[in-house]
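J.: Got a file for you: final_28.csv, CSV, C-alpha atoms.
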chain,number,residue,atom,x,y,z
V,22,MET,CA,30.0,39.4,-41.6
V,23,THR,CA,30.2,41.0,-38.2
V,24,ASP,CA,27.1,39.2,-37.0
V,25,TYR,CA,28.4,35.7,-37.9
V,26,PRO,CA,30.6,35.2,-34.8
V,27,GLN,CA,27.8,36.4,-32.5
V,28,SER,CA,25.3,34.0,-34.1
V,29,GLN,CA,27.8,31.2,-33.7
V,30,ALA,CA,28.2,32.0,-30.0
V,31,LEU,CA,24.5,32.0,-29.5
V,32,LYS,CA,24.2,28.6,-31.2
V,33,SER,CA,27.0,27.2,-29.0
V,34,LYS,CA,25.2,28.2,-25.9
V,35,LYS,CA,22.0,26.4,-26.9
V,36,PRO,CA,23.1,22.9,-25.7
V,37,ARG,CA,24.4,24.3,-22.4
V,38,LEU,CA,21.1,26.2,-21.9
V,39,HIS,CA,19.1,23.0,-22.6
V,40,GLY,CA,21.3,21.0,-20.2
V,41,VAL,CA,20.8,23.5,-17.4
V,42,PHE,CA,17.1,23.7,-18.1
V,43,PHE,CA,16.7,19.9,-18.1
V,44,TRP,CA,18.7,19.0,-15.0
V,45,SER,CA,17.6,21.8,-12.9
V,46,LEU,CA,14.0,20.8,-13.4
V,47,VAL,CA,14.6,17.1,-12.9
V,48,ARG,CA,16.5,17.7,-9.6
V,49,GLU,CA,13.6,19.9,-8.3
V,50,PHE,CA,11.0,17.3,-9.5
V,51,ALA,CA,12.9,14.6,-7.7
V,52,SER,CA,13.4,16.5,-4.4
V,53,THR,CA,9.7,17.5,-4.3
V,54,GLY,CA,8.6,14.0,-5.2
V,55,LEU,CA,10.7,12.5,-2.5
V,56,LEU,CA,9.3,14.8,0.1
V,57,VAL,CA,5.6,14.3,-1.0
V,58,SER,CA,6.0,10.5,-1.3
V,59,SER,CA,7.7,10.4,2.2
V,60,ILE,CA,4.8,12.3,3.7
V,61,LEU,CA,2.1,10.2,2.1
V,62,LEU,CA,3.9,6.9,2.9
V,63,SER,CA,4.3,8.0,6.5
V,64,ILE,CA,0.6,8.7,6.8
V,65,VAL,CA,-0.3,5.3,5.4
V,66,VAL,CA,2.2,3.4,7.4
V,67,LEU,CA,1.1,5.2,10.6
V,68,THR,CA,-2.5,4.4,9.9
V,69,GLN,CA,-1.7,0.8,9.2
V,70,LEU,CA,0.5,0.5,12.3
V,71,ILE,CA,-2.3,1.8,14.6
V,72,ARG,CA,-4.7,-0.8,13.1
V,73,LEU,CA,-2.2,-3.7,13.3
V,74,LEU,CA,-1.3,-2.8,16.9
V,75,GLY,CA,-5.0,-2.8,17.8
V,76,GLU,CA,-5.3,-6.3,16.3
V,77,SER,CA,-2.2,-7.4,18.2
V,78,VAL,CA,-3.6,-6.1,21.5
V,79,SER,CA,-6.9,-7.9,20.9
V,80,GLY,CA,-5.0,-11.1,20.2
V,81,LEU,CA,-5.9,-11.4,16.5
V,82,LEU,CA,-2.2,-10.9,15.5
V,83,VAL,CA,1.0,-11.8,17.2
V,84,VAL,CA,3.5,-9.0,17.9
V,85,GLU,CA,6.1,-10.6,15.7
V,86,GLY,CA,3.7,-10.4,12.7
V,87,VAL,CA,3.1,-6.6,12.9
V,88,LEU,CA,6.2,-5.6,11.0
V,89,ALA,CA,5.6,-8.3,8.3
V,90,MET,CA,2.0,-7.2,7.7
V,91,LEU,CA,3.1,-3.6,7.8
V,92,GLY,CA,5.6,-4.2,5.0
V,93,PHE,CA,3.1,-6.1,2.9
V,94,GLY,CA,0.6,-3.3,3.3
V,95,ALA,CA,3.1,-0.7,2.3
V,96,LEU,CA,3.9,-2.5,-0.9
V,97,ASN,CA,0.1,-2.7,-1.6
V,98,TYR,CA,-0.4,1.1,-1.3
V,99,LEU,CA,2.9,2.1,-2.8
V,100,PRO,CA,1.9,2.2,-6.6
V,101,VAL,CA,-1.0,4.6,-5.9
V,102,LEU,CA,1.2,6.7,-3.6
V,103,LEU,CA,3.9,7.0,-6.2
V,104,SER,CA,1.4,8.0,-8.8
V,105,ILE,CA,0.0,10.8,-6.6
V,106,SER,CA,3.5,11.9,-5.7
V,107,LEU,CA,4.6,12.1,-9.3
V,108,PHE,CA,1.6,14.2,-10.3
V,109,LEU,CA,1.9,16.5,-7.3
V,110,SER,CA,5.7,17.0,-7.5
V,111,ILE,CA,5.5,18.2,-11.1
V,112,LEU,CA,2.4,20.3,-10.4
V,113,LEU,CA,3.9,22.0,-7.3
V,114,THR,CA,7.3,22.6,-9.0
V,115,LEU,CA,5.9,24.2,-12.1
V,116,THR,CA,3.3,26.2,-10.1
V,117,ARG,CA,6.2,27.6,-8.0
V,118,CYS,CA,8.0,28.6,-11.2
V,119,TYR,CA,5.0,30.5,-12.4
V,120,ARG,CA,4.5,32.1,-9.0
V,121,ASP,CA,8.2,33.2,-8.7
V,122,SER,CA,8.2,34.4,-12.3
V,123,GLU,CA,10.9,31.8,-13.3
V,124,MET,CA,8.6,30.8,-16.2
V,125,VAL,CA,9.0,34.3,-17.7
V,126,VAL,CA,12.8,33.9,-17.6
V,127,TRP,CA,12.6,30.5,-19.3
V,128,PHE,CA,10.0,31.6,-21.9
V,129,SER,CA,12.1,34.7,-22.7
V,130,SER,CA,15.1,32.4,-23.2
V,131,GLY,CA,13.2,30.7,-26.0
V,132,MET,CA,11.8,27.8,-24.0
V,133,GLY,CA,8.2,27.3,-25.1
V,134,LEU,CA,5.7,25.3,-23.2
V,135,SER,CA,6.4,22.2,-25.3
V,136,HIS,CA,10.0,22.3,-24.1
V,137,TRP,CA,8.8,21.3,-20.7
V,138,VAL,CA,7.7,17.8,-21.9
V,139,ARG,CA,11.3,16.5,-22.1
V,140,PRO,CA,12.4,17.2,-18.5
V,141,VAL,CA,9.0,16.0,-17.3
V,142,LEU,CA,9.4,12.7,-19.2
V,143,GLY,CA,13.0,12.4,-18.0
V,144,TYR,CA,11.7,12.4,-14.5
V,145,ALA,CA,8.4,10.6,-14.9
V,146,ILE,CA,9.5,7.6,-17.0
V,147,PRO,CA,11.7,6.0,-14.3
V,148,VAL,CA,9.0,6.5,-11.7
V,149,VAL,CA,6.4,5.1,-14.1
V,150,ALA,CA,8.6,2.0,-14.6
V,151,VAL,CA,8.8,1.5,-10.8
V,152,ILE,CA,4.9,1.9,-10.6
V,153,ALA,CA,4.5,-0.7,-13.3
V,154,LEU,CA,6.9,-3.1,-11.6
V,155,LEU,CA,5.0,-2.7,-8.3
V,156,SER,CA,1.6,-2.9,-9.9
V,157,LEU,CA,2.2,-5.9,-12.1
V,158,VAL,CA,4.6,-8.0,-10.0
V,159,LEU,CA,5.4,-6.9,-6.4
V,160,THR,CA,1.9,-5.9,-5.2
V,161,PRO,CA,0.3,-9.3,-6.1
V,162,TRP,CA,3.3,-11.1,-4.5
V,163,ALA,CA,2.9,-9.0,-1.3
V,164,LEU,CA,-0.8,-9.7,-1.1
V,165,THR,CA,-0.2,-13.4,-1.6
V,166,LYS,CA,2.4,-13.5,1.1
V,167,ALA,CA,0.1,-11.6,3.4
V,168,GLU,CA,-2.7,-14.1,2.9
V,169,GLU,CA,-0.4,-17.0,3.5
V,170,TYR,CA,0.9,-15.4,6.7
V,171,LYS,CA,-2.6,-14.8,8.0
V,172,ARG,CA,-3.6,-18.4,7.3
V,173,ARG,CA,-0.5,-19.6,9.1
V,174,LEU,CA,-1.4,-17.5,12.1
V,175,ASP,CA,-4.9,-18.8,12.0
V,176,SER,CA,-3.7,-22.4,11.9
V,177,ARG,CA,-1.9,-22.2,15.2
V,178,ASP,CA,-3.2,-24.1,18.1
V,179,GLU,CA,-4.9,-22.4,21.1
V,180,VAL,CA,-1.9,-22.1,23.3
V,181,SER,CA,0.4,-20.8,20.5
V,182,ARG,CA,-2.2,-18.1,19.7
V,183,ALA,CA,-2.3,-17.0,23.3
V,184,THR,CA,-0.7,-13.6,23.9
V,185,PRO,CA,1.4,-13.2,27.1
V,186,GLY,CA,-0.5,-11.0,29.6
V,187,LEU,CA,-3.9,-11.4,28.0
V,188,PHE,CA,-6.8,-13.8,28.4
V,189,ARG,CA,-7.5,-15.9,25.3
V,190,GLU,CA,-10.6,-18.0,24.7
V,191,SER,CA,-10.6,-21.1,22.6
V,192,LYS,CA,-12.7,-21.3,19.5
V,193,GLN,CA,-15.0,-23.9,21.2
V,194,ALA,CA,-15.5,-21.3,24.0
V,195,ASP,CA,-14.9,-24.0,26.6
V,196,ARG,CA,-11.5,-22.9,27.7
V,197,VAL,CA,-9.8,-19.7,28.7
V,198,TYR,CA,-6.0,-19.4,28.7
V,199,PHE,CA,-3.7,-16.9,30.4
V,200,LEU,CA,0.1,-17.0,30.1
V,201,GLU,CA,2.1,-14.4,32.0
V,202,GLU,CA,5.6,-15.2,30.7
V,203,VAL,CA,6.9,-16.9,27.5
V,204,ASP,CA,10.5,-18.0,27.2
V,205,THR,CA,11.1,-18.7,23.5
V,206,GLU,CA,14.7,-20.0,24.0
V,207,ARG,CA,13.7,-22.6,26.5
V,208,LYS,CA,10.3,-23.1,24.8
V,209,ARG,CA,8.5,-22.8,28.2
V,210,VAL,CA,5.8,-20.6,29.6
V,211,GLY,CA,5.4,-19.4,33.1
V,212,ASN,CA,2.5,-18.7,35.5
V,213,ILE,CA,-0.3,-20.5,33.6
V,214,PHE,CA,-4.0,-20.1,34.2
V,215,VAL,CA,-6.5,-22.4,32.4
V,216,ARG,CA,-10.3,-22.3,33.0
V,217,SER,CA,-12.3,-25.1,31.4
V,218,VAL,CA,-15.9,-26.5,31.5
V,219,GLN,CA,-16.5,-30.2,31.3
V,220,ASN,CA,-19.8,-32.1,32.0
V,221,GLY,CA,-21.2,-29.0,33.7
V,222,LYS,CA,-18.3,-28.7,36.1
V,223,GLU,CA,-16.0,-25.8,36.1
V,224,GLY,CA,-12.3,-26.5,36.4
V,225,THR,CA,-9.5,-24.0,37.0
V,226,MET,CA,-5.8,-24.9,36.9
V,227,VAL,CA,-2.9,-22.8,37.8
V,228,ALA,CA,0.8,-23.8,37.4
V,229,LYS,CA,4.1,-22.2,37.8
V,230,GLU,CA,5.4,-23.3,34.4
V,231,GLY,CA,4.7,-25.5,31.5
V,232,TYR,CA,5.5,-26.5,27.9
V,233,GLN,CA,4.0,-28.1,24.8
V,234,GLU,CA,4.5,-31.8,24.0
V,235,ALA,CA,3.7,-33.8,20.9
V,236,ALA,CA,2.5,-37.4,21.1
V,237,PRO,CA,3.6,-40.0,18.6
V,238,ASN,CA,0.1,-40.0,17.0
V,239,GLY,CA,0.4,-36.2,16.4
V,240,ASP,CA,-1.7,-35.0,19.2
V,241,ARG,CA,-0.4,-32.0,21.1
V,242,PHE,CA,-0.6,-31.4,24.9
V,243,LEU,CA,-0.1,-28.6,27.2
V,244,VAL,CA,2.0,-30.0,30.1
V,245,MET,CA,1.7,-28.0,33.3
V,246,LEU,CA,4.2,-28.5,36.1
V,247,ASN,CA,3.8,-27.9,39.9
V,248,GLY,CA,0.2,-26.7,39.8
V,249,THR,CA,-3.2,-26.9,41.4
V,250,ARG,CA,-6.6,-27.8,40.0
V,251,TYR,CA,-9.9,-26.6,41.4
V,252,GLU,CA,-13.0,-28.4,40.2
V,253,GLY,CA,-16.7,-28.0,41.1
V,254,VAL,CA,-20.1,-26.7,40.2
V,255,PRO,CA,-20.5,-22.9,40.3
V,256,GLY,CA,-22.7,-21.9,43.3
V,257,GLN,CA,-21.9,-25.0,45.3
V,258,ALA,CA,-19.2,-25.4,48.0
V,259,ASP,CA,-18.1,-28.9,47.2
V,260,PHE,CA,-15.0,-28.0,45.2
V,261,LYS,CA,-12.1,-30.4,44.8
V,262,ILE,CA,-8.6,-29.2,45.2
V,263,VAL,CA,-5.9,-31.3,43.7
V,264,GLU,CA,-2.2,-30.5,43.6
V,265,PHE,CA,-0.1,-32.0,40.9
V,266,GLU,CA,3.5,-32.2,39.7
V,267,ARG,CA,2.6,-32.8,36.1
V,268,TYR,CA,-0.7,-32.5,34.3
V,269,ALA,CA,-1.1,-32.9,30.5
V,270,MET,CA,-4.1,-31.3,28.8
V,271,ARG,CA,-4.9,-32.1,25.1
V,272,ILE,CA,-4.9,-29.1,22.8
V,273,GLU,CA,-7.7,-29.2,20.2
V,274,PRO,CA,-6.3,-29.1,16.7
V,275,VAL,CA,-7.3,-26.2,14.4
V,276,GLU,CA,-8.8,-27.0,11.1
V,277,LEU,CA,-7.0,-25.3,8.2
V,278,ARG,CA,-9.3,-23.1,6.3
V,279,ARG,CA,-9.5,-23.4,2.5
V,280,GLU,CA,-10.1,-19.9,1.1
V,281,THR,CA,-10.3,-18.8,-2.5
V,282,PRO,CA,-7.3,-16.5,-3.2
V,283,ASN,CA,-8.2,-12.9,-3.5
V,284,LEU,CA,-8.3,-11.7,-7.1
V,285,ARG,CA,-5.9,-8.9,-6.4
V,286,SER,CA,-3.3,-11.4,-5.2
V,287,ARG,CA,-3.4,-13.4,-8.4
V,288,PRO,CA,-0.1,-13.2,-10.4
V,289,THR,CA,-0.4,-11.1,-13.6
V,290,ARG,CA,0.6,-14.2,-15.7
V,291,TYR,CA,-2.4,-16.0,-14.2
V,292,LEU,CA,-4.8,-13.2,-15.2
V,293,ILE,CA,-3.5,-13.3,-18.8
V,294,LYS,CA,-3.8,-17.1,-19.1
V,295,ASN,CA,-7.4,-17.0,-17.7
V,296,PRO,CA,-9.1,-14.1,-19.5
V,297,THR,CA,-12.4,-14.0,-17.6
V,298,THR,CA,-14.2,-10.7,-17.3
V,299,TRP,CA,-13.1,-10.1,-13.7
V,300,ASN,CA,-9.5,-11.2,-14.4
V,301,MET,CA,-9.4,-8.7,-17.3
V,302,SER,CA,-10.8,-6.1,-15.0
V,303,GLU,CA,-8.0,-6.6,-12.5
V,304,LEU,CA,-5.4,-6.7,-15.3
V,305,GLU,CA,-6.7,-3.4,-16.6
V,306,TRP,CA,-6.4,-1.8,-13.2
V,307,ARG,CA,-2.8,-2.9,-12.9
V,308,ILE,CA,-1.9,-1.7,-16.4
V,309,GLY,CA,-3.9,1.5,-15.9
V,310,LEU,CA,-1.9,2.6,-12.9
V,311,PRO,CA,1.4,3.3,-14.8
V,312,VAL,CA,-0.5,4.6,-17.8
V,313,SER,CA,-2.5,7.1,-15.8
V,314,ALA,CA,0.6,8.2,-13.9
V,315,LEU,CA,2.3,9.1,-17.2
V,316,ILE,CA,-0.7,10.9,-18.6
V,317,LEU,CA,-1.2,12.9,-15.3
V,318,ALA,CA,2.5,13.8,-15.3
V,319,LEU,CA,2.1,15.4,-18.7
V,320,LEU,CA,-1.2,16.9,-17.8
V,321,ALA,CA,0.4,18.7,-14.9
V,322,ILE,CA,2.3,21.0,-17.3
V,323,PRO,CA,-0.7,23.0,-18.6
V,324,LEU,CA,-2.5,22.6,-15.2
V,325,SER,CA,0.4,24.3,-13.4
V,326,TYR,CA,-0.3,27.7,-14.9
V,327,VAL,CA,-0.8,30.4,-12.3
V,328,ASN,CA,-1.5,34.1,-12.8
V,329,PRO,CA,0.6,35.9,-10.1
V,330,ARG,CA,-2.1,38.6,-10.0
V,331,ALA,CA,-4.9,36.2,-9.5
V,332,GLY,CA,-5.6,33.4,-6.9
V,333,ARG,CA,-2.9,30.8,-6.5
V,334,SER,CA,-5.0,27.9,-5.5
V,335,LEU,CA,-7.4,27.6,-8.4
V,336,ASN,CA,-5.1,25.4,-10.5
V,337,MET,CA,-4.7,23.1,-7.5
V,338,ILE,CA,-8.4,22.7,-7.1
V,339,ILE,CA,-8.8,21.9,-10.8
V,340,ALA,CA,-6.0,19.4,-10.6
V,341,VAL,CA,-7.5,17.6,-7.6
V,342,VAL,CA,-10.9,17.5,-9.4
V,343,ILE,CA,-9.3,16.1,-12.6
V,344,TYR,CA,-7.3,13.5,-10.6
V,345,MET,CA,-10.4,12.3,-8.7
V,346,PHE,CA,-12.5,12.1,-11.9
V,347,TYR,CA,-9.7,10.2,-13.7
V,348,ASN,CA,-9.2,7.7,-10.8
V,349,ASN,CA,-12.9,7.2,-10.3
V,350,MET,CA,-13.6,6.6,-14.0
V,351,ILE,CA,-10.8,4.0,-14.1
V,352,SER,CA,-12.6,2.2,-11.3
V,353,VAL,CA,-16.0,2.5,-13.0
V,354,THR,CA,-14.7,1.2,-16.3
V,355,ASN,CA,-12.9,-1.7,-14.6
V,356,SER,CA,-16.2,-2.6,-12.9
V,357,TRP,CA,-18.0,-2.4,-16.2
V,358,VAL,CA,-15.5,-4.8,-17.8
V,359,GLY,CA,-15.9,-7.2,-14.8
V,360,GLN,CA,-19.7,-7.2,-15.2
V,361,GLY,CA,-19.4,-7.7,-19.0
V,362,LYS,CA,-21.0,-4.4,-19.9
V,363,ILE,CA,-18.1,-3.3,-22.1
V,364,GLY,CA,-15.2,-5.1,-23.7
V,365,ALA,CA,-11.7,-5.3,-22.4
V,366,VAL,CA,-10.1,-3.2,-25.1
V,367,PRO,CA,-12.7,-0.3,-24.8
V,368,GLY,CA,-12.5,-0.5,-21.1
V,369,LEU,CA,-8.7,-0.2,-21.2
V,370,LEU,CA,-8.3,2.5,-23.9
V,371,GLY,CA,-11.5,4.5,-23.5
V,372,ILE,CA,-10.8,6.6,-20.4
V,373,HIS,CA,-7.0,6.9,-21.1
V,374,LEU,CA,-7.6,8.2,-24.7
V,375,PHE,CA,-10.1,10.6,-23.3
V,376,MET,CA,-7.6,12.0,-20.9
V,377,VAL,CA,-5.0,12.3,-23.6
V,378,ALA,CA,-7.4,14.3,-25.6
V,379,VAL,CA,-8.1,16.5,-22.6
V,380,MET,CA,-4.3,17.0,-22.1
V,381,LEU,CA,-3.8,18.0,-25.8
V,382,VAL,CA,-6.7,20.5,-25.6
V,383,MET,CA,-5.3,22.1,-22.5
V,384,PHE,CA,-1.8,22.3,-24.1
V,385,TYR,CA,-3.4,24.0,-27.1
V,386,HIS,CA,-5.4,26.4,-25.0
V,387,ARG,CA,-2.4,27.3,-22.8
V,388,MET,CA,-0.1,27.9,-25.8
V,389,SER,CA,-2.7,30.0,-27.6
V,390,VAL,CA,-3.6,32.3,-24.7
V,391,SER,CA,-0.2,32.8,-23.2
V,392,PRO,CA,2.1,35.1,-25.3
V,393,TRP,CA,5.2,33.9,-23.4
V,394,SER,CA,4.6,30.3,-24.2
V,395,ARG,CA,4.6,31.0,-27.9
V,396,ILE,CA,8.2,32.2,-27.9
V,397,ARG,CA,10.6,30.0,-29.8
V,398,LYS,CA,14.2,30.0,-30.5
I need this file expressed as structure tokens, please.
T.:
Amino acid sequence: MTDYPQSQALKSKKPRLHGVFFWSLVREFASTGLLVSSILLSIVVLTQLIRLLGESVSGLLVVEGVLAMLGFGALNYLPVLLSISLFLSILLTLTRCYRDSEMVVWFSSGMGLSHWVRPVLGYAIPVVAVIALLSLVLTPWALTKAEEYKRRLDSRDEVSRATPGLFRESKQADRVYFLEEVDTERKRVGNIFVRSVQNGKEGTMVAKEGYQEAAPNGDRFLVMLNGTRYEGVPGQADFKIVEFERYAMRIEPVELRRETPNLRSRPTRYLIKNPTTWNMSELEWRIGLPVSALILALLAIPLSYVNPRAGRSLNMIIAVVIYMFYNNMISVTNSWVGQGKIGAVPGLLGIHLFMVAVMLVMFYHRMSVSPWSRIRK
């Protein structure tokens, strides 16, 4: 009878202990994941920004399009980055608990290794839902918008494509433009230089300012004001010099390119309605991202074990090898599905079921060799 109040007090403390255990881990997972994802996203954004600025300097992309293309590219890489961040945040947090002997405290409190599944799932499921939304909906939309934006930029005429302060050659290679200033509010350009070749004669025109003008039939002209034209044959001295107040030069139209949309930019609904082998391959890649992220999150629990007396980096090396193997095998099976070597269902389930089996074996091994992890309430 004397032990009854004590046992009741211990039972009343169980929910409180579980709550502290759950929320403390979820908070640490989230803070670590936010840090890791921020670092990875910063690296990707910086890399893309350098590439886009290089294209802008070379005249392949207007300055106004850098931020738009940067945003579309970030949405493209974000599902993979979130998957890596989810895996690393759980792995790093649990590894730290082993290293700082916090695991011993939790195990001695009756928290076995299987108790870690609940807080890991509590943190992983919302992240996996975001990965699924990005992979199935937002990433194809971003790629579609990026392709449309590129086509719109390519469809601009020669003058519109010219970058202020840079020489720009026409696609026919018979004209070179240079614009020093651009006033978007007044829709005028200043200090124009145009070099053209017609009938073997080279013509060079300079003007203080100009603007674009559209004719009733749809033709577009570059109108230059208060300028000078120099015309002649290179190597000969008989050059003509003509000063003009207004000179209109026809701008050659640009033919719109008809390109087949990229498979990765196809909406998920389209892939389902058109079940070709390559469409199924792309669909399996999109579904495989959130599925693999969830499996890797659970796999990080047994992988995080660290013996404080031994090396601290062995589990990280094993985790990186397993992640690379898993990711590469997903790509290989998707390629096999696209080539028709295996069916869609085996290609989707095969590698994921294999990794689930690996996870269960590692759980069983860790719970059987660790005396602390076998403690139960």
J.: Which residues are near stretch 291-296 of chain V? Cut-off 12 Å, all atoms listed in the file, ignore same chain within fewer than 2 positions. Put them as a compact mmCIF listing (two decimals) with C-alpha atoms, keeping the file's coordinate frame.
T.:
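Ended up saving to result14.txt:
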# COMPACT_ATOMS: atom_id res chain seq x y z
CA LEU V 157 2.20 -5.90 -12.10
CA VAL V 158 4.60 -8.00 -10.00
CA PRO V 161 0.30 -9.30 -6.10
CA LEU V 284 -8.30 -11.70 -7.10
CA ARG V 285 -5.90 -8.90 -6.40
CA SER V 286 -3.30 -11.40 -5.20
CA ARG V 287 -3.40 -13.40 -8.40
CA PRO V 288 -0.10 -13.20 -10.40
CA THR V 289 -0.40 -11.10 -13.60
CA THR V 298 -14.20 -10.70 -17.30
CA TRP V 299 -13.10 -10.10 -13.70
CA ASN V 300 -9.50 -11.20 -14.40
CA MET V 301 -9.40 -8.70 -17.30
CA SER V 302 -10.80 -6.10 -15.00
CA GLU V 303 -8.00 -6.60 -12.50
CA LEU V 304 -5.40 -6.70 -15.30
CA GLU V 305 -6.70 -3.40 -16.60
CA TRP V 306 -6.40 -1.80 -13.20
CA ARG V 307 -2.80 -2.90 -12.90
CA ILE V 308 -1.90 -1.70 -16.40
CA VAL V 358 -15.50 -4.80 -17.80
CA GLY V 359 -15.90 -7.20 -14.80
CA GLY V 364 -15.20 -5.10 -23.70
CA ALA V 365 -11.70 -5.30 -22.40
J.: Work out how far apart atom CA of V:Ser156 and atom CA of V:Leu310 are and give it in Å to one decimal.
T.: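 That distance, rounded to one decimal, is 7.2 Å.
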J.: So which residues touch V:Ser313 within 8 Å, counting only C-alpha atoms, skipping near sequence neighbours fewer than 4 positions away, as a PDB file with C-alpha atoms, in the coordinates of the input?
T.:
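Once everything was written out, this is part.pdb:
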ATOM      1  CA  GLY V 309      -3.900   1.500 -15.900  1.00  0.00           C
ATOM      2  CA  LEU V 317      -1.200  12.900 -15.300  1.00  0.00           C
ATOM      3  CA  HIS V 373      -7.000   6.900 -21.100  1.00  0.00           C
TER       4      HIS V 373
END
J.: Residues within 10 Å of V:Leu88, please, as a count of residues only. Count all atoms listed in the file; anything in the same chain fewer than 4 positions from it doesn't count.
T.: 7
J.: Leaving out stretch 113-116 of chain V and any residue of its chain fewer than 4 positions from it, which residues lie within 12 Å of it when counting all atoms listed in the file, given as a PDB file with C-alpha atoms, in the frame of the given file?
T.:
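The new file part.pdb reads:
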ATOM      1  CA  SER V  45      17.600  21.800 -12.900  1.00  0.00           C
ATOM      2  CA  LEU V  46      14.000  20.800 -13.400  1.00  0.00           C
ATOM      3  CA  VAL V  47      14.600  17.100 -12.900  1.00  0.00           C
ATOM      4  CA  ARG V  48      16.500  17.700  -9.600  1.00  0.00           C
ATOM      5  CA  GLU V  49      13.600  19.900  -8.300  1.00  0.00           C
ATOM      6  CA  PHE V  50      11.000  17.300  -9.500  1.00  0.00           C
ATOM      7  CA  ALA V  51      12.900  14.600  -7.700  1.00  0.00           C
ATOM      8  CA  SER V  52      13.400  16.500  -4.400  1.00  0.00           C
ATOM      9  CA  THR V  53       9.700  17.500  -4.300  1.00  0.00           C
ATOM     10  CA  GLY V  54       8.600  14.000  -5.200  1.00  0.00           C
ATOM     11  CA  LEU V  56       9.300  14.800   0.100  1.00  0.00           C
ATOM     12  CA  VAL V  57       5.600  14.300  -1.000  1.00  0.00           C
ATOM     13  CA  ILE V 105       0.000  10.800  -6.600  1.00  0.00           C
ATOM     14  CA  SER V 106       3.500  11.900  -5.700  1.00  0.00           C
ATOM     15  CA  LEU V 107       4.600  12.100  -9.300  1.00  0.00           C
ATOM     16  CA  PHE V 108       1.600  14.200 -10.300  1.00  0.00           C
ATOM     17  CA  LEU V 109       1.900  16.500  -7.300  1.00  0.00           C
ATOM     18  CA  ARG V 120       4.500  32.100  -9.000  1.00  0.00           C
ATOM     19  CA  ASP V 121       8.200  33.200  -8.700  1.00  0.00           C
ATOM     20  CA  SER V 122       8.200  34.400 -12.300  1.00  0.00           C
ATOM     21  CA  GLU V 123      10.900  31.800 -13.300  1.00  0.00           C
ATOM     22  CA  MET V 124       8.600  30.800 -16.200  1.00  0.00           C
ATOM     23  CA  VAL V 125       9.000  34.300 -17.700  1.00  0.00           C
ATOM     24  CA  TRP V 127      12.600  30.500 -19.300  1.00  0.00           C
ATOM     25  CA  LEU V 134       5.700  25.300 -23.200  1.00  0.00           C
ATOM     26  CA  TRP V 137       8.800  21.300 -20.700  1.00  0.00           C
ATOM     27  CA  VAL V 138       7.700  17.800 -21.900  1.00  0.00           C
ATOM     28  CA  PRO V 140      12.400  17.200 -18.500  1.00  0.00           C
ATOM     29  CA  VAL V 141       9.000  16.000 -17.300  1.00  0.00           C
ATOM     30  CA  ALA V 318       2.500  13.800 -15.300  1.00  0.00           C
ATOM     31  CA  LEU V 319       2.100  15.400 -18.700  1.00  0.00           C
ATOM     32  CA  LEU V 320      -1.200  16.900 -17.800  1.00  0.00           C
ATOM     33  CA  ALA V 321       0.400  18.700 -14.900  1.00  0.00           C
ATOM     34  CA  ILE V 322       2.300  21.000 -17.300  1.00  0.00           C
ATOM     35  CA  PRO V 323      -0.700  23.000 -18.600  1.00  0.00           C
ATOM     36  CA  LEU V 324      -2.500  22.600 -15.200  1.00  0.00           C
ATOM     37  CA  SER V 325       0.400  24.300 -13.400  1.00  0.00           C
ATOM     38  CA  TYR V 326      -0.300  27.700 -14.900  1.00  0.00           C
ATOM     39  CA  VAL V 327      -0.800  30.400 -12.300  1.00  0.00           C
ATOM     40  CA  ASN V 328      -1.500  34.100 -12.800  1.00  0.00           C
ATOM     41  CA  PRO V 329       0.600  35.900 -10.100  1.00  0.00           C
ATOM     42  CA  GLY V 332      -5.600  33.400  -6.900  1.00  0.00           C
ATOM     43  CA  ARG V 333      -2.900  30.800  -6.500  1.00  0.00           C
ATOM     44  CA  SER V 334      -5.000  27.900  -5.500  1.00  0.00           C
ATOM     45  CA  LEU V 335      -7.400  27.600  -8.400  1.00  0.00           C
ATOM     46  CA  ASN V 336      -5.100  25.400 -10.500  1.00  0.00           C
ATOM     47  CA  MET V 337      -4.700  23.100  -7.500  1.00  0.00           C
ATOM     48  CA  ALA V 340      -6.000  19.400 -10.600  1.00  0.00           C
TER      49      ALA V 340
END
J.: Near V:Ser63, within 12 Å and counting all atoms listed in the file, which residues show up once chain neighbours fewer than 4 positions away are dropped, as a list in words?
T.: Leu55, Leu56, Val57, Ser58, Ser59, Leu67, Thr68, Gln69, Leu70, Leu91, Ala95, Tyr98, Leu99 and Leu102 of chain V
J.: From the set V:Ile111, V:Ile372, V:Ile64, V:Ala235, which residue has the shortest atom-to-atom contact distance to V:Gly143, counting all atoms listed in the file?
T.: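 Of V:Ile111, V:Ile372, V:Ile64, V:Ala235, the one nearest V:Gly143, counting all atoms listed in the file, is V:Ile111.
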J.: Restricting the calculation to only C-alpha atoms: of V:Pro147, V:Gly86, V:Pro100, V:Gly211, which residue gets closest to V:Arg173?
T.: V:Gly86
J.: For a test of reading the model, state the distance in Å between atom CA of V:Trp357 and atom CA of V:Leu154, rounded to one decimal.
T.: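 The value is 25.3 Å.
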J.: Could you tell me how far atom CA of V:Leu103 sits from atom CA of V:Val151, in Å to one decimal place?
T.: 8.7 Å
J.: Counting all atoms listed in the file, which of V:Ala145, V:Leu369, V:Leu61, V:Ile213 gets nearest to V:Ile351?
T.: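 The closest residue to V:Ile351 is V:Leu369.
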